[in-house]
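The structure under discussion appears below in the form of structure tokens.
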Amino acid sequence: MTVVEEGDLIARVEGSAGVIRLNRPKAINAVTLEMFRDIDKALDRFEADPAVSVVLLEGAGERGLCAGGDIRALWESSKVDGDLGKILWREEYILNARIKKFPKPYVAFMDGIVMGGGVGLSAHASHRVVTDRTKLAMPEVGLGFFPDVGGTYLLSHAPGEIGTFFGLTGQTMNGPDAIYAKFADAVVSAAKLPELREALTKVPPCATAAEASKLISSFATGETAGPVAARQATIDALFAFDRMEDIVAALARDGSEFAQATLKTLGEKSPRGMVVTLKLLRLARQSRSLEESLVREYRAALEVFRSDDFREGVRAAVIDKDRNPKWSPPRIGEVTPDMVAPYFAEIGADELKFN
């Protein structure tokens with residue numbers, strides 16, 4: 001075993017696998033700018049090394065793969081009109097696109113909590129493994145943000161309006177839900193992950209994606225649909241609209257326990273964040289590639305970084321933890337087209353570009 005790098009990120013070769021381990025277990029492996037850079041360097045090495053057949057992404061500790069990006073650092077930079085958002089999201093989104101196109105099998109162990117930036121590092125992988133412990137979510141609307149890291153692309157390509165539901169509510173998917181929503185490929189019992197991990201380190205040179213899939217399938221439970229699948233027809237009917245006002249009205253009219261609970265959840269989110277998210281989801285549905293959605297997300301993210309809603313959402317959820325954000329504006333009906341337009345405006349020299 002050759003140890004390449006230790007610290008918040010560990011990158012090393014184990015057998016024929018290039019292993020990337022997020023190594024901040026006390027923070028549920030929340031990802032920093034330096035960690036994104038180290039992952040990119042690790043992928044450079046693993047791509048060039050003919051002895052590396054597969055790449056494996058995993059998280060240290062028992063709680064999860066990754067709880068997301070370092071939100072506190074972004075909040076602190078936003079408060080002082082800093083540039084961390086501009087730098088971090090640019091490098092992160094370019095990395096997300098690289099993972100999607102990585103030429104060797106890239107296997108992500110999406111065990112435990114997988115949120116935000118953790119989704120970006122795993123759900124664009126060629127082989128995405130969830131478990132009986134997976135809790136996957138894109139809860140950004142509750143922070144005055146939107147599901148980024150290519151989240152709008154993933155959500156918009158889920159069956160029917162399932163992605164609209166998950167994107168606007170921030171609700172958690174279990175492993176089979178993630179399969180159904182096309183965020184993952186196979187459910188493997190968490191108890192079997194060590195055995196699968198060992199097998200991946202013994203994959204022969206030049207293994208194909210199909211060979212990696214066959215290996216993973218031999219450990220999989222075969223589950224393909226979780227609790228959300230049973231609500232597909234209801235969710236499609238309630239979330240098929242292009243305006244938040246119409247979705248809210250449909251939920252209010254429905255009157256079922258599910259609709260009322262969903263309405264309550266939406267009532268806690270940023271009105272501006274929901275309107276922006278819905279528009280991003282509808283645009284992403286027409287996108288030909290992940291990169292198209294990432295360019296759009298980057299424009300919107302820079303506007304979010306400047307917004308009071310982002311600072312207030314992070315304050316309420318992460319800093320003060322009072323869970324009582326004061327959104328601006330406080331109601332969906334008060335979100336005007338003029339407020340939303342800057343999130344979708346071209347940004348000239350700052351546009352996101354890919355190699």
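Chain identifiers are assigned as A, B, and so on, following the order in which chains appear in the structure tokens; residues are numbered from 1 within each chain, and ligands are numbered from 1 in order of appearance.
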Near Glu92 (chain A), within 9 Å and counting only C-alpha atoms, which residues show up once chain neighbours fewer than 3 positions away are dropped, as a ChimeraX atom specification?
-> /A:33,36-37,87-89,95-97,117,120-121,149
From the DSSP assignment of the backbone, select every residue of region 56-286 of chain A that is helix (DSSP H, G or I), and format the answer as a ChimeraX atom specification.
-> /A:71-79,84-100,117-122,140-143,151-156,162-169,175-180,190-200,209-217,227-238,244-254,257-266,271-284
Of A:Leu263, A:Val19, A:Leu84, A:Leu136, the one sitting nearest Ile179 (chain A) when using only C-alpha atoms is A:Leu136
Within 8 Å of region 306-318 of chain A, counting only C-alpha atoms, which residues qualify if same-chain residues fewer than 4 places away don't, as a list in words?
-> Ile71, Arg72, Trp75, Ser78, Lys79, Asp81, Gly142, Leu143, Gly144, Phe145, Ser270, Leu302, Asp322, Arg323, Asn324, Pro325, Lys326, Trp327 and Ser328 of chain A
Tell me, as a ChimeraX atom specification, which residues lie within 12 Å of Pro337 (chain A), counting only C-alpha atoms; anything in the same chain fewer than 6 positions away does not count.
-> /A:243,272,275-276,279,343-344
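Among the candidate residues A:Gly333, A:Pro342, A:Gly18, A:Gly116, the one lying nearest to Gly69 (chain A) is A:Gly116, with distances computed using only C-alpha atoms.
Of the residues listed (A:Phe109, A:Glu223, A:Thr169, A:Ser218), A:Thr169 shows the shortest atom-to-atom separation from Lys264 (chain A); distances use only C-alpha atoms.
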Quick one: of A:Leu238, A:Ala186, A:Leu193, A:Ala220, who's nearest to Ala250 (chain A), counting only C-alpha atoms?
-> A:Leu238
Atomic separation - CA of Asp320 (chain A) relative to CA of Leu280 (chain A), Å | 29.3 Å
Select from region 84-221 of chain A everything DSSP, run on the backbone, classes as strand (DSSP E), then give the selection as a ChimeraX atom specification.
-> /A:106-110,113-115,127-130,135-137,186-187
Just write the chosen residues, C-alpha atoms, as a compact mmCIF listing (two decimals), in the first residue's frame.
# COMPACT_ATOMS: atom_id res chain seq x y z
CA TYR A 106 -15.51 5.54 -10.34
CA VAL A 107 -17.32 3.82 -7.47
CA ALA A 108 -18.95 5.93 -4.75
CA PHE A 109 -19.94 4.36 -1.42
CA MET A 110 -22.96 6.51 -0.52
CA ILE A 113 -25.56 10.78 5.33
CA VAL A 114 -24.99 12.09 1.79
CA MET A 115 -25.95 15.72 1.28
CA HIS A 127 -21.07 3.36 -10.13
CA ARG A 128 -23.13 4.63 -7.20
CA VAL A 129 -23.65 2.33 -4.23
CA VAL A 130 -26.21 3.13 -1.53
CA LYS A 135 -29.86 9.24 4.04
CA LEU A 136 -29.48 11.29 0.90
CA ALA A 137 -30.83 14.82 0.62
CA ALA A 186 -27.30 -0.42 -6.50
CA VAL A 187 -28.28 -1.05 -2.88
Excluding same-chain residues fewer than 3 positions from Phe165 (chain A), what lies within 10 Å of it counting only C-alpha atoms, as an NGL selection string?
-> :A and (155 or 160-162 or 168-171 or 228 or 235-236 or 238-240 or 262 or 278)
Dump as a PDB file, in the first residue's frame, selection limited to C-alpha atoms:
ATOM      1  CA  LEU A 155     -33.352  16.053  -9.975  1.00  0.00           C
ATOM      2  CA  GLY A 160     -41.967  12.392 -13.371  1.00  0.00           C
ATOM      3  CA  GLU A 161     -41.966  15.092 -10.709  1.00  0.00           C
ATOM      4  CA  ILE A 162     -40.070  13.075  -8.086  1.00  0.00           C
ATOM      5  CA  LEU A 168     -38.242  21.817  -3.246  1.00  0.00           C
ATOM      6  CA  THR A 169     -38.871  19.991   0.039  1.00  0.00           C
ATOM      7  CA  GLY A 170     -35.312  18.845   0.805  1.00  0.00           C
ATOM      8  CA  GLN A 171     -36.823  15.548   1.980  1.00  0.00           C
ATOM      9  CA  VAL A 228     -41.486   7.563  -2.656  1.00  0.00           C
ATOM     10  CA  ILE A 235     -46.439  13.753  -6.599  1.00  0.00           C
ATOM     11  CA  ASP A 236     -46.732  14.073 -10.388  1.00  0.00           C
ATOM     12  CA  LEU A 238     -49.167  18.097  -7.316  1.00  0.00           C
ATOM     13  CA  PHE A 239     -45.742  19.171  -8.619  1.00  0.00           C
ATOM     14  CA  ALA A 240     -46.355  19.346 -12.373  1.00  0.00           C
ATOM     15  CA  THR A 262     -45.647  18.769   2.322  1.00  0.00           C
ATOM     16  CA  LEU A 278     -38.164  25.473  -9.636  1.00  0.00           C
TER      17      LEU A 278
END
Pairwise distance for CA of Leu22 (chain A) and CA of Gly82 (chain A), rounded to one decimal in Å | 26.0 Å
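Of the listed residues A:Asp111, A:Glu91, A:Asp246, A:Glu198, the one whose atoms come nearest to Leu65 (chain A) is A:Asp111, with distances taken using only C-alpha atoms.
Using only C-alpha atoms for every distance, the candidate list A:Pro25, A:Gly267, A:Gly85, A:Pro50 yields A:Pro50 as the residue closest to Val13 (chain A).
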Would you list the contacts of Ala199 (chain A) as a ChimeraX atom specification, taking every protein, DNA or RNA residue within 10 Å and counting only C-alpha atoms, but skipping same-chain residues closer than 5 positions in sequence?
-> /A:15-17,193-194,215-216
Selected residues, N, CA, C and O atoms, written as a PDB file, in the first residue's frame, please.
ATOM      1  N   GLY A  15      -4.109  -2.099  -3.720  1.00  0.00           N
ATOM      2  CA  GLY A  15      -4.258  -3.085  -4.780  1.00  0.00           C
ATOM      3  C   GLY A  15      -4.420  -2.382  -6.109  1.00  0.00           C
ATOM      4  O   GLY A  15      -3.596  -1.561  -6.498  1.00  0.00           O
ATOM      5  N   SER A  16      -5.511  -2.675  -6.795  1.00  0.00           N
ATOM      6  CA  SER A  16      -5.751  -2.037  -8.095  1.00  0.00           C
ATOM      7  C   SER A  16      -6.741  -0.875  -7.989  1.00  0.00           C
ATOM      8  O   SER A  16      -7.203  -0.362  -9.002  1.00  0.00           O
ATOM      9  N   ALA A  17      -7.064  -0.451  -6.763  1.00  0.00           N
ATOM     10  CA  ALA A  17      -8.022   0.642  -6.551  1.00  0.00           C
ATOM     11  C   ALA A  17      -7.323   1.904  -6.080  1.00  0.00           C
ATOM     12  O   ALA A  17      -6.462   1.871  -5.199  1.00  0.00           O
ATOM     13  N   LEU A 193     -20.302  -3.901   2.767  1.00  0.00           N
ATOM     14  CA  LEU A 193     -19.394  -2.939   2.131  1.00  0.00           C
ATOM     15  C   LEU A 193     -17.923  -3.316   2.264  1.00  0.00           C
ATOM     16  O   LEU A 193     -17.164  -3.195   1.293  1.00  0.00           O
ATOM     17  N   PRO A 194     -17.474  -3.776   3.448  1.00  0.00           N
ATOM     18  CA  PRO A 194     -16.052  -4.152   3.546  1.00  0.00           C
ATOM     19  C   PRO A 194     -15.669  -5.255   2.554  1.00  0.00           C
ATOM     20  O   PRO A 194     -14.579  -5.205   1.963  1.00  0.00           O
ATOM     21  N   LEU A 215     -19.597  -6.875 -10.802  1.00  0.00           N
ATOM     22  CA  LEU A 215     -19.062  -7.145  -9.466  1.00  0.00           C
ATOM     23  C   LEU A 215     -19.979  -6.544  -8.391  1.00  0.00           C
ATOM     24  O   LEU A 215     -20.344  -7.220  -7.414  1.00  0.00           O
ATOM     25  N   ILE A 216     -20.354  -5.297  -8.557  1.00  0.00           N
ATOM     26  CA  ILE A 216     -21.216  -4.639  -7.568  1.00  0.00           C
ATOM     27  C   ILE A 216     -22.565  -5.346  -7.481  1.00  0.00           C
ATOM     28  O   ILE A 216     -23.103  -5.555  -6.389  1.00  0.00           O
TER      29      ILE A 216
END
For CA of Lys101 (chain A) and CA of Ser122 (chain A), determine how far apart the two atoms are, in Å to one decimal place.
-> 12.7 Å
Neighbour list for Glu292 (chain A) as a PDB file with C-alpha atoms, in the first residue's frame, cut-off 10 Å, only C-alpha atoms, skip fewer than 6 positions in-chain:
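Now in around-v8.pdb:
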ATOM      1  CA  GLY A 150     -25.382  19.402 -10.684  1.00  0.00           C
ATOM      2  CA  TYR A 153     -29.634  18.202 -13.557  1.00  0.00           C
ATOM      3  CA  LEU A 283     -34.470  24.658 -17.436  1.00  0.00           C
ATOM      4  CA  ALA A 284     -32.294  21.660 -16.523  1.00  0.00           C
ATOM      5  CA  GLN A 286     -34.130  20.695 -21.322  1.00  0.00           C
ATOM      6  CA  LEU A 352     -18.027  28.773 -15.704  1.00  0.00           C
TER       7      LEU A 352
END
